[in-house]
Structures are given as structure tokens and as C-alpha cells.
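Source file: run-v1.cif; contents: mmCIF, C-alpha atoms and all ligand atoms.
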data_my_file
#
loop_
_atom_site.label_atom_id
_atom_site.label_comp_id
_atom_site.auth_asym_id
_atom_site.auth_seq_id
_atom_site.Cartn_x
_atom_site.Cartn_y
_atom_site.Cartn_z
CA MET X 98 2.04 -2.08 -29.08
CA ALA X 99 4.40 -4.99 -29.69
CA PRO X 100 6.17 -6.89 -26.89
CA LEU X 101 9.80 -5.89 -26.31
CA ILE X 102 10.89 -9.51 -25.95
CA THR X 103 9.36 -12.30 -28.04
CA HIS X 104 11.73 -15.30 -27.75
CA LEU X 105 10.80 -15.85 -24.07
CA TYR X 106 7.82 -15.00 -21.89
CA THR X 107 8.76 -12.20 -19.52
CA ALA X 108 6.77 -10.33 -16.87
CA ASP X 109 7.00 -7.91 -13.92
CA PRO X 110 9.56 -5.64 -15.64
CA SER X 111 11.72 -3.54 -13.33
CA ALA X 112 13.60 -1.08 -15.52
CA HIS X 113 16.57 1.11 -14.54
CA VAL X 114 19.11 3.20 -16.37
CA PHE X 115 22.64 2.03 -15.58
CA GLU X 116 25.71 3.23 -17.45
CA GLY X 117 23.51 5.03 -20.00
CA ARG X 118 21.53 1.92 -21.01
CA VAL X 119 18.10 0.72 -20.00
CA TYR X 120 18.34 -2.56 -18.08
CA ILE X 121 15.20 -4.66 -17.58
CA TYR X 122 14.93 -7.16 -14.73
CA PRO X 123 11.78 -9.23 -15.38
CA SER X 124 10.34 -12.52 -14.20
CA HIS X 125 10.88 -15.36 -16.69
CA ASP X 126 7.51 -17.04 -17.21
CA ARG X 127 7.46 -20.67 -18.28
CA GLU X 128 4.96 -23.32 -19.32
CA THR X 129 3.56 -25.45 -16.51
CA ASP X 130 0.88 -28.07 -15.97
CA ILE X 131 -0.18 -26.40 -12.72
CA GLN X 132 -3.81 -25.34 -12.98
CA PHE X 133 -4.63 -21.64 -12.63
CA ASN X 134 -5.66 -20.74 -9.08
CA ASP X 135 -5.99 -17.55 -7.06
CA ASN X 136 -2.95 -18.46 -5.00
CA GLY X 137 -0.74 -17.98 -8.08
CA ASP X 138 0.77 -21.50 -7.98
CA GLN X 139 0.92 -21.48 -11.78
CA TYR X 140 3.57 -18.76 -11.66
CA ASP X 141 6.27 -21.39 -11.26
CA MET X 142 9.35 -19.56 -12.49
CA ALA X 143 12.83 -21.02 -12.00
CA ASP X 144 15.38 -18.49 -13.28
CA TYR X 145 16.03 -14.87 -14.23
CA HIS X 146 17.35 -13.30 -17.43
CA VAL X 147 18.48 -9.66 -17.71
CA PHE X 148 17.83 -7.57 -20.83
CA SER X 149 19.20 -4.22 -21.99
CA THR X 150 18.85 -1.70 -24.77
CA ASP X 151 20.39 1.65 -25.62
CA SER X 152 17.21 2.97 -27.25
CA LEU X 153 13.47 2.70 -26.61
CA ASP X 154 12.77 3.18 -30.28
CA PRO X 155 10.48 0.24 -31.21
CA ALA X 156 12.97 -0.90 -33.84
CA ALA X 157 15.95 -0.93 -31.46
CA PRO X 158 17.36 -4.33 -30.48
CA VAL X 159 16.91 -5.61 -26.93
CA ILE X 160 19.81 -7.77 -25.79
CA ASP X 161 19.15 -10.92 -23.75
CA HIS X 162 22.11 -11.31 -21.38
CA GLY X 163 21.04 -14.87 -20.62
CA VAL X 164 20.38 -16.65 -17.32
CA VAL X 165 21.83 -14.69 -14.40
CA LEU X 166 20.43 -16.64 -11.45
CA ARG X 167 18.47 -19.87 -11.02
CA THR X 168 16.63 -21.67 -8.24
CA GLU X 169 19.30 -24.32 -7.76
CA ASP X 170 21.93 -21.61 -7.14
CA ILE X 171 20.08 -20.28 -4.08
CA PRO X 172 20.42 -22.45 -0.95
CA TRP X 173 17.30 -21.21 0.88
CA VAL X 174 14.83 -21.32 -2.06
CA SER X 175 12.31 -24.06 -2.80
CA LYS X 176 10.40 -22.55 -5.75
CA GLN X 177 8.72 -19.59 -7.47
CA LEU X 178 11.23 -16.93 -8.43
CA TRP X 179 8.77 -14.05 -8.71
CA ALA X 180 9.15 -10.36 -9.59
CA PRO X 181 12.73 -9.09 -9.10
CA ASP X 182 14.38 -5.68 -9.09
CA ALA X 183 17.94 -4.34 -9.06
CA ALA X 184 19.86 -1.39 -7.64
CA GLN X 185 23.39 -0.04 -7.76
CA GLY X 186 25.09 0.25 -4.37
CA ARG X 187 27.48 2.93 -3.14
CA ASP X 188 30.28 0.42 -3.84
CA GLY X 189 29.41 0.45 -7.56
CA LYS X 190 28.18 -3.16 -7.48
CA TYR X 191 24.72 -4.26 -8.60
CA TYR X 192 22.21 -5.89 -6.28
CA LEU X 193 19.42 -8.13 -7.54
CA TYR X 194 16.47 -8.42 -5.13
CA PHE X 195 14.08 -11.33 -5.63
CA PRO X 196 11.21 -13.05 -3.81
CA ALA X 197 10.86 -16.81 -3.59
CA ARG X 198 9.37 -19.44 -1.31
CA ASP X 199 11.76 -20.80 1.27
CA LYS X 200 11.91 -24.51 2.14
CA ALA X 201 8.85 -24.06 4.40
CA GLY X 202 6.83 -22.47 1.59
CA VAL X 203 6.97 -18.95 3.04
CA PHE X 204 7.89 -16.11 0.69
CA ARG X 205 11.11 -14.29 1.62
CA ILE X 206 13.25 -11.78 -0.25
CA GLY X 207 16.79 -12.58 -1.28
CA VAL X 208 19.67 -10.52 -2.61
CA ALA X 209 22.36 -11.46 -5.10
CA VAL X 210 25.36 -9.33 -6.03
CA GLY X 211 27.16 -8.77 -9.33
CA ASP X 212 29.89 -6.56 -10.71
CA ARG X 213 27.91 -5.66 -13.80
CA PRO X 214 24.25 -4.62 -14.29
CA GLU X 215 23.75 -7.68 -16.48
CA GLY X 216 25.15 -10.01 -13.82
CA PRO X 217 25.90 -12.80 -13.26
CA PHE X 218 24.70 -12.52 -9.66
CA THR X 219 25.88 -14.47 -6.62
CA PRO X 220 23.14 -14.95 -4.03
CA ASP X 221 23.57 -14.51 -0.31
CA PRO X 222 23.10 -17.90 1.40
CA GLU X 223 20.14 -16.67 3.47
CA PRO X 224 17.22 -14.34 2.65
CA ILE X 225 17.29 -10.76 3.97
CA LYS X 226 16.73 -11.02 7.74
CA GLY X 227 13.15 -10.07 8.61
CA SER X 228 12.00 -10.10 4.97
CA TYR X 229 8.67 -11.55 3.87
CA SER X 230 6.07 -11.51 1.09
CA ILE X 231 6.89 -10.62 -2.54
CA ASP X 232 7.63 -7.99 -5.20
CA PRO X 233 10.71 -6.15 -3.92
CA ALA X 234 11.18 -2.76 -5.58
CA SER X 235 14.38 -0.89 -4.85
CA PHE X 236 14.66 2.88 -4.84
CA VAL X 237 17.86 4.89 -4.44
CA ASP X 238 17.02 8.45 -3.46
CA THR X 239 18.91 11.50 -4.67
CA ASP X 240 20.77 11.59 -1.32
CA GLY X 241 22.05 8.05 -1.95
CA ALA X 242 19.83 6.33 0.65
CA ALA X 243 18.42 3.04 -0.65
CA TYR X 244 14.99 1.63 0.19
CA LEU X 245 13.18 -1.62 -0.51
CA TYR X 246 9.40 -1.64 -0.99
CA PHE X 247 7.67 -5.02 -0.95
CA GLY X 248 4.45 -6.92 -0.36
CA GLY X 249 1.64 -8.63 -2.18
CA LEU X 250 -1.74 -10.04 -1.15
CA TRP X 251 -3.25 -13.54 -1.65
CA GLY X 252 -0.48 -15.82 -3.04
CA GLY X 253 2.03 -13.16 -1.98
CA GLN X 254 1.09 -13.79 1.69
CA LEU X 255 1.04 -10.13 2.84
CA GLN X 256 -2.29 -10.77 4.60
CA CYS X 257 -0.48 -13.22 6.89
CA TYR X 258 1.25 -10.24 8.55
CA GLN X 259 -1.74 -8.33 9.90
CA GLY X 260 -0.30 -8.55 13.41
CA GLY X 261 2.44 -6.01 12.61
CA ASN X 262 5.18 -5.14 10.15
CA THR X 263 7.70 -7.80 11.13
CA ALA X 264 8.25 -11.33 9.81
CA ASP X 265 7.65 -12.97 13.20
CA VAL X 266 3.91 -12.17 13.20
CA PHE X 267 3.30 -14.59 10.29
CA ASP X 268 -0.16 -16.15 10.67
CA ASP X 269 -0.43 -19.29 8.59
CA SER X 270 -4.25 -19.36 8.87
CA TRP X 271 -4.40 -16.39 6.45
CA GLN X 272 -2.59 -18.21 3.62
CA GLY X 273 -4.47 -18.30 0.30
CA PRO X 274 -6.53 -15.80 -1.69
CA LYS X 275 -7.69 -13.91 1.40
CA GLU X 276 -7.43 -10.37 2.71
CA PRO X 277 -9.12 -8.17 5.33
CA THR X 278 -12.67 -7.15 4.45
CA GLY X 279 -15.41 -4.95 5.89
CA ALA X 280 -16.31 -1.29 5.63
CA GLU X 281 -14.40 -0.50 8.84
CA ALA X 282 -11.21 -2.35 7.88
CA LYS X 283 -8.35 -0.38 6.38
CA ALA X 284 -6.48 -1.79 3.42
CA MET X 285 -3.15 -3.44 4.12
CA GLY X 286 -0.22 -1.43 2.87
CA ALA X 287 2.97 -2.44 1.15
CA ARG X 288 6.05 -2.34 3.35
CA VAL X 289 9.17 -0.20 3.03
CA ALA X 290 12.51 -0.43 4.79
CA LYS X 291 15.74 1.50 4.34
CA LEU X 292 18.60 -0.78 3.27
CA THR X 293 21.95 -0.99 5.01
CA ASP X 294 24.84 0.81 3.29
CA ASP X 295 26.11 -2.54 2.00
CA MET X 296 22.66 -3.21 0.43
CA HIS X 297 22.38 -6.71 1.96
CA GLN X 298 19.94 -6.16 4.87
CA PHE X 299 17.14 -3.99 6.18
CA ALA X 300 18.58 -1.11 8.22
CA GLU X 301 15.32 -0.75 10.14
CA GLU X 302 12.06 -2.52 10.89
CA PRO X 303 9.78 -2.38 7.83
CA ARG X 304 7.09 0.33 7.92
CA GLU X 305 3.64 0.18 6.35
CA VAL X 306 3.07 2.32 3.25
CA VAL X 307 -0.17 4.19 3.92
CA ILE X 308 -2.30 5.45 1.01
CA LEU X 309 -4.83 8.13 1.86
CA ALA X 310 -8.08 8.78 0.02
CA PRO X 311 -7.92 12.42 -1.20
CA GLU X 312 -11.60 13.04 -0.43
CA THR X 313 -11.31 12.12 3.27
CA GLY X 314 -7.61 12.20 4.14
CA GLU X 315 -8.20 8.78 5.71
CA PRO X 316 -6.46 5.52 4.74
CA ILE X 317 -8.04 3.68 1.81
CA ALA X 318 -10.53 1.08 3.03
CA ALA X 319 -9.96 -2.67 2.61
CA ASP X 320 -13.15 -2.99 0.55
CA ASP X 321 -12.06 -0.31 -1.93
CA HIS X 322 -10.70 -2.84 -4.43
CA ASP X 323 -10.44 -0.22 -7.20
CA ARG X 324 -7.83 1.71 -5.20
CA ARG X 325 -6.34 -0.50 -2.48
CA PHE X 326 -2.77 -1.80 -2.73
CA PHE X 327 -2.54 -5.42 -3.88
CA GLU X 328 1.03 -6.00 -5.21
CA ALA X 329 3.69 -4.68 -7.63
CA ALA X 330 4.99 -1.70 -5.67
CA TRP X 331 7.19 0.81 -7.47
CA MET X 332 8.74 4.11 -6.40
CA HIS X 333 9.99 6.94 -8.58
CA LYS X 334 10.82 10.55 -7.84
CA ARG X 335 10.12 13.45 -10.14
CA ALA X 336 10.61 17.11 -9.26
CA ASP X 337 10.98 16.31 -5.53
CA LYS X 338 7.67 14.44 -5.48
CA TYR X 339 7.64 10.72 -4.53
CA TYR X 340 5.34 8.54 -6.65
CA PHE X 341 4.31 5.21 -5.15
CA SER X 342 2.61 3.10 -7.82
CA TYR X 343 1.08 -0.37 -7.58
CA SER X 344 -1.39 -2.93 -8.89
CA THR X 345 -4.91 -3.28 -7.49
CA GLY X 346 -4.83 -7.04 -8.19
CA ASP X 347 -8.34 -8.40 -8.65
CA THR X 348 -9.54 -5.15 -10.26
CA HIS X 349 -6.45 -5.10 -12.51
CA TYR X 350 -5.54 -1.39 -12.43
CA LEU X 351 -2.15 0.23 -12.15
CA CYS X 352 -2.55 3.23 -9.83
CA TYR X 353 -0.33 5.76 -8.13
CA ALA X 354 -0.21 7.93 -5.04
CA THR X 355 2.13 10.80 -4.20
CA GLY X 356 3.95 11.94 -1.08
CA ASP X 357 6.72 14.15 0.23
CA THR X 358 9.05 11.46 1.57
CA PRO X 359 9.94 7.88 0.55
CA TYR X 360 7.91 6.65 3.54
CA GLY X 361 4.75 8.57 2.73
CA PRO X 362 1.98 8.88 3.65
CA PHE X 363 0.88 8.96 0.04
CA THR X 364 -2.32 10.43 -1.33
CA TYR X 365 -4.09 8.47 -4.04
CA GLY X 366 -3.58 10.18 -7.42
CA GLY X 367 -5.40 8.07 -10.00
CA ARG X 368 -5.00 5.28 -12.51
CA ILE X 369 -2.02 4.93 -14.82
CA LEU X 370 -3.19 1.91 -16.81
CA GLU X 371 -6.58 0.25 -17.31
CA PRO X 372 -6.78 -3.58 -17.26
CA VAL X 373 -4.76 -5.35 -19.94
CA LEU X 374 -5.17 -8.89 -21.27
CA GLY X 375 -4.29 -11.30 -18.45
CA TRP X 376 -5.00 -11.42 -14.71
CA THR X 377 -1.88 -9.72 -13.37
CA THR X 378 -0.61 -6.24 -14.06
CA HIS X 379 2.81 -5.09 -12.92
CA HIS X 380 5.09 -2.27 -13.96
CA SER X 381 7.99 0.10 -13.45
CA ILE X 382 8.48 3.76 -14.33
CA VAL X 383 11.85 5.18 -15.34
CA GLU X 384 13.29 8.34 -16.86
CA PHE X 385 15.51 7.79 -19.88
CA GLN X 386 17.02 10.53 -22.02
CA GLY X 387 14.65 13.15 -20.56
CA ARG X 388 11.43 11.18 -21.17
CA TRP X 389 9.42 9.00 -18.79
CA TRP X 390 8.50 5.41 -19.60
CA LEU X 391 6.08 2.83 -18.26
CA PHE X 392 7.22 -0.78 -18.52
CA HIS X 393 4.43 -3.31 -17.97
CA HIS X 394 3.27 -6.71 -19.20
CA ASP X 395 0.24 -8.36 -20.76
CA CYS X 396 -0.71 -11.75 -22.22
CA GLU X 397 -1.24 -10.75 -25.84
CA LEU X 398 1.66 -12.86 -27.18
CA SER X 399 0.35 -16.02 -25.44
CA LYS X 400 -3.22 -15.17 -26.53
CA GLY X 401 -4.42 -14.74 -22.97
CA VAL X 402 -2.60 -17.43 -20.99
CA ASN X 403 -2.36 -15.75 -17.58
CA HIS X 404 1.04 -17.13 -16.60
CA LEU X 405 2.71 -16.51 -20.00
CA ARG X 406 3.24 -12.77 -20.12
CA SER X 407 5.28 -10.34 -22.22
CA VAL X 408 6.95 -7.06 -21.38
CA LYS X 409 5.96 -3.85 -23.15
CA VAL X 410 6.95 -0.20 -22.85
CA LYS X 411 5.05 3.03 -23.42
CA GLU X 412 5.95 6.69 -22.88
CA ILE X 413 4.03 8.43 -20.11
CA PHE X 414 3.31 12.11 -19.52
CA TYR X 415 2.55 14.36 -16.53
CA ASP X 416 0.38 17.45 -16.38
CA ASP X 417 1.57 20.79 -14.98
CA GLU X 418 0.63 19.72 -11.44
CA GLY X 419 2.58 16.49 -11.68
CA LYS X 420 -0.41 14.19 -12.19
CA ILE X 421 0.34 11.18 -14.37
CA LEU X 422 -1.87 11.18 -17.45
CA PRO X 423 -3.62 7.82 -18.00
CA VAL X 424 -1.83 5.67 -20.55
CA ASP X 425 -3.64 4.62 -23.70
CA VAL X 426 -1.90 1.42 -24.75
CA ASN X 427 -3.76 1.46 -28.06
CA ALA X 428 -2.45 4.85 -29.12
CA SER X 429 0.68 4.76 -31.27
O1 LIG U 501 5.00 -12.95 -11.48
C1 LIG U 501 4.44 -13.49 -10.31
C2 LIG U 501 3.58 -12.49 -9.64
O2 LIG U 501 2.55 -12.07 -10.52
C3 LIG U 501 4.26 -11.20 -9.27
O3 LIG U 501 5.09 -11.30 -8.16
C4 LIG U 501 3.08 -10.31 -9.11
O4 LIG U 501 3.37 -8.95 -9.04
C5 LIG U 501 2.27 -10.69 -10.33
O5 LIG U 501 2.68 -10.00 -11.48
#

If you convert what's in this file into C-alpha cells, what do you get?
Amino acid sequence: MAPLITHLYTADPSAHVFEGRVYIYPSHDRETDIQFNDNGDQYDMADYHVFSTDSLDPAAPVIDHGVVLRTEDIPWVSKQLWAPDAAQGRDGKYYLYFPARDKAGVFRIGVAVGDRPEGPFTPDPEPIKGSYSIDPASFVDTDGAAYLYFGGLWGGQLQCYQGGNTADVFDDSWQGPKEPTGAEAKAMGARVAKLTDDMHQFAEEPREVVILAPETGEPIAADDHDRRFFEAAWMHKRADKYYFSYSTGDTHYLCYATGDTPYGPFTYGGRILEPVLGWTTHHSIVEFQGRWWLFHHDCELSKGVNHLRSVKVKEIFYDDEGKILPVDVNAS
């Protein structure tokens, strides 16, 4: 499967259908001298591009709409523009959500607004109040309510918030490639908060996204690295079922869990994608023209350089019970 975009390195693709086209909001990977480490310092991105296409046929052109936001445009940011996402508000405008380190080195989530899905986007001067960690994923439900999922372990700092779901419990001593361990410990969950009607703030205190093991009905354990949430949250809804999907990080799977509401709890459903070339795996799932698509990235184009990734897309299928069938990236 060939990358969708080859003139730049792109990763963490959040895809949405706006105005009948597929818009892709990825990270823009760049070369760096920073040595690879488990804190992710080598992911030193400094701007965002937006891409769009009117067909997911492999031969169809993908348009690069150019730079839509950069570090120096955002007053509160010091570095590391990581995985973004976008949503359309009730006012018809488009909202770009992005994580970055603030001037103190703590990841926060910002929002920038534009009149068009391809931007340009004007950032709010401050991050979303009470936001923290990384990988915002927006979801607008069929009733129009908008939610933001977020969180990521290790370099994403989620483990620094074990004291609760709010930003003020930040514990600096947990910074680095660390997370709770032990057979008795439960895995940390992503966070979710409803957004205000104007899309600029959380409308409520973030809640933890709980994933239950189907065999016990209990939360997944912290030591269950094949199934526990690590980063790259995504939400999609199909036939009234809510699908929360995510990366398992150090075991490199994309997995999903299903629930009856946007808040969960969710029951673990299985793997969507086996490990690809490169350390990270990150994705989005979107319906386009009656078919469902998985956008993800790997490091094939850079021949395995972990921080130089490329976006790909593959059709996915569900069985009669709504289970996602595992994707075979090698099948045509
Ligand atoms: O792109 C930087 C980080 O790598 C993302 O925020 C994570 O999801 C991982 O893909």
C-alpha cells in the first residue's frame, strides 16, 4: 500500500468528510538531530498542513493546502505540535484541536478556528482551560453534541495525572517513559469532555474512558500492554454503536472497544491493525461514500526512521455483529 502523501512526511492522520470531500489533518514530521528516546523528544514538529481529496481511489490526487498553523503563531506554545484533529461547529466554522508543550514544557491542548476546512486557522491565545496531555480527537455526535477525547502515556504525560481527571493534579515526578504497573493496578484511561457550544472550551470536567475486559467485565489491567490504552484515541459511531479505538503504544497495536454512549464504559473488541514499520501507530476511521476507511501511518517511505512517517489509507469491514475485521495492510 503506497503512502497518500509523498512530498512531506505526515503522521497521526485525523480524517473527516466536510463538504463532500475527505480532509486529512496530520502531524507534519520533520528531520531533526534529536536522538530517539522513549519520551518522544524526536517528534519535534513545528507546523501543520491540511490535505484533501474527493476520492480514495489510489490514483486520485491529494491536495496539499499548505501550512495552516505554525508554532510561532501560537502565543502559549514552546514546541512539539503533535497529533491534531478538526471538527465543524454549529456555527459552520472549523475548529482545529492540537497538543503542544506550553512554555513550562507541559502538554496542553489548543484550538484554532477557520472559516474553511482547509484553514487557515487562527489560534486562541491560551490553551483550552483545564486541558492536558496529547492527541485530541474530536467527535460530533448525531445529536450535534461535540466531545474531545485526549491523552497519551510516557512523553504524552498522561501518567502525571493519576491523582484525578483535572489538570491541577499534575505530578511532575511521573514525567518520562513511565506508567502505573502491577497486577492490581488498573490501566489509565484516555479522557473525554463535552465541548462548549462555541467549541472553544470544555463544558465539563474531563472523565476517564474506561475499557473493560470482556472476559471479566473489569477494567483492563495496567500490565496488560497488549490491550491497555496508550495514546491515539479516536471515536466513531456506526449503527448506534460507539467505537473507541486507540494505540497500545509499546506493543504497537491499534485496538478498539465498543459502548452505548460517547462516555462508555467500553468493552474491548479486538485488534484493528497489527504492528507496522515504526514505533508509533496512530489512526482515524471515517465513513466516506458508504464505505469505511482506516487512515494510519508507517515508516516505509523513510525506510524505518521512527519520526519520519507517512499517511496511508485502507478500507475496513465489519461483521454482522459490528465487530471490526482485522486489517491486512498487505492485501490489495
Ligand atoms: O506524532 C507525535 C506522537 O506520536 C503522537 O501524538 C502520538 O500519537 C504518536 O503517533

_Can you pull out the residues contacting segment 271-273 of chain X? Cut-off 10 Å, using only C-alpha atoms, and skip same-chain residues under 5 positions away; I want them as a list in words._
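The residues satisfying every condition are Asn134, Asp135, Asn136, Gly137, Val203, Leu250, Trp251, Gly252, Gly253, Gln254, Leu255, Gln256, Cys257, Tyr258 and Gln259 of chain X.
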
Selected residues written out, C-alpha atoms, as a PDB file, keeping the file's coordinate frame:
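Done, and the output landed in again-v7.pdb:
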ATOM      1  CA  ASN X 134      -5.660 -20.740  -9.080  1.00  0.00           C
ATOM      2  CA  ASP X 135      -5.990 -17.550  -7.060  1.00  0.00           C
ATOM      3  CA  ASN X 136      -2.950 -18.460  -5.000  1.00  0.00           C
ATOM      4  CA  GLY X 137      -0.740 -17.980  -8.080  1.00  0.00           C
ATOM      5  CA  VAL X 203       6.970 -18.950   3.040  1.00  0.00           C
ATOM      6  CA  LEU X 250      -1.740 -10.040  -1.150  1.00  0.00           C
ATOM      7  CA  TRP X 251      -3.250 -13.540  -1.650  1.00  0.00           C
ATOM      8  CA  GLY X 252      -0.480 -15.820  -3.040  1.00  0.00           C
ATOM      9  CA  GLY X 253       2.030 -13.160  -1.980  1.00  0.00           C
ATOM     10  CA  GLN X 254       1.090 -13.790   1.690  1.00  0.00           C
ATOM     11  CA  LEU X 255       1.040 -10.130   2.840  1.00  0.00           C
ATOM     12  CA  GLN X 256      -2.290 -10.770   4.600  1.00  0.00           C
ATOM     13  CA  CYS X 257      -0.480 -13.220   6.890  1.00  0.00           C
ATOM     14  CA  TYR X 258       1.250 -10.240   8.550  1.00  0.00           C
ATOM     15  CA  GLN X 259      -1.740  -8.330   9.900  1.00  0.00           C
TER      16      GLN X 259
END

_Proximity to Phe267 of chain X - best of X:Phe195, X:Trp376, X:Tyr229, X:Phe363, all atoms listed in the file_ =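 Ranked by minimum distance to Phe267 of chain X, first place goes to X:Tyr229.
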
*When you draw a straight line from atom CA of Pro233 of chain X to atom CA of Cys396 of chain X, how long is it in Å?*
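The value is 22.3 Å.
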
*From the set X:Ile382, X:Ala156, X:Ala243, X:Met142, which residue has the shortest atom-to-atom contact distance to Arg198 of chain X, counting all atoms listed in the file?*
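When distances to Arg198 of chain X are compared using all atoms listed in the file, the smallest one comes from X:Met142.
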
*Distance criterion (only C-alpha atoms and all ligand atoms): nearest to ligand LIG 501 (chain U) out of X:Asp240, X:Glu412, X:Asp126, X:Glu305*: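 Of the candidates, the smallest distance to ligand LIG 501 (chain U) is held by X:Asp126.
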
*Selection near Asp141 of chain X, 10 Å with only C-alpha atoms, sequence-local residues under 6 positions removed, as number ranges by chain*: X: 125-131, 176-179, 404

*Near segment 285-289 of chain X, counting all atoms listed in the file, which residues have an atom at most 9 Å away, once you skip same-chain residues fewer than 4 positions from it, shown as a PyMOL selection string?*
chain X and resi 244-250+255-256+259+262+276-277+302-308+317-319+325-328+330+359-360

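With only C-alpha atoms and all ligand atoms as the basis for measurement, X:Ile206 is the residue among X:Ile206, X:Ala99, X:Met296, X:Val164 that approaches ligand LIG 501 (chain U) most closely.
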
*Enumerate residues in contact with ligand LIG 501 (chain U): an atom-to-atom distance of at most 7 Å, counting all atoms listed in the file. Format the result as a ChimeraX atom specification.*
/X:108-109,124,140,179-180,231-232,328-329,377-379

*Of the residues X:Asp416, X:Tyr365, X:Asp269, X:Ser407, which is the one nearest to Glu312 of chain X, using only C-alpha atoms?*
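Among the listed residues, the smallest separation from Glu312 of chain X belongs to X:Tyr365.
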
*Could you check which of X:Leu374, X:Ala209, X:Ala310, X:Val114 is closest to Leu398 of chain X, using only C-alpha atoms?*
X:Leu374

*Grab the atom CA of Pro274 of chain X to atom CA of Tyr343 of chain X distance for me, in Å with one decimal place.*
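Distance between the two atoms: 18.2 Å.
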
_Neighbour list for Ala336 of chain X as a PyMOL selection string, cut-off 12 Å, all atoms listed in the file, skip fewer than 5 positions in-chain_ = chain X and resi 239+355-357+384+415+417-420

Output file for the selection above: C-alpha atoms, as an mmCIF file, in the frame of the given file:
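Contents of part.cif, as written:
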data_model
loop_
_atom_site.group_PDB
_atom_site.id
_atom_site.type_symbol
_atom_site.label_atom_id
_atom_site.label_comp_id
_atom_site.auth_asym_id
_atom_site.auth_seq_id
_atom_site.Cartn_x
_atom_site.Cartn_y
_atom_site.Cartn_z
ATOM 1 C CA THR X 239 18.910 11.500 -4.670
ATOM 2 C CA THR X 355 2.130 10.800 -4.200
ATOM 3 C CA GLY X 356 3.950 11.940 -1.080
ATOM 4 C CA ASP X 357 6.720 14.150 0.230
ATOM 5 C CA GLU X 384 13.290 8.340 -16.860
ATOM 6 C CA TYR X 415 2.550 14.360 -16.530
ATOM 7 C CA ASP X 417 1.570 20.790 -14.980
ATOM 8 C CA GLU X 418 0.630 19.720 -11.440
ATOM 9 C CA GLY X 419 2.580 16.490 -11.680
ATOM 10 C CA LYS X 420 -0.410 14.190 -12.190
#

*Have a look at atom CA of Lys411 of chain X and atom CA of Leu153 of chain X and let me know their distance in Å, one decimal.*
9.0 Å
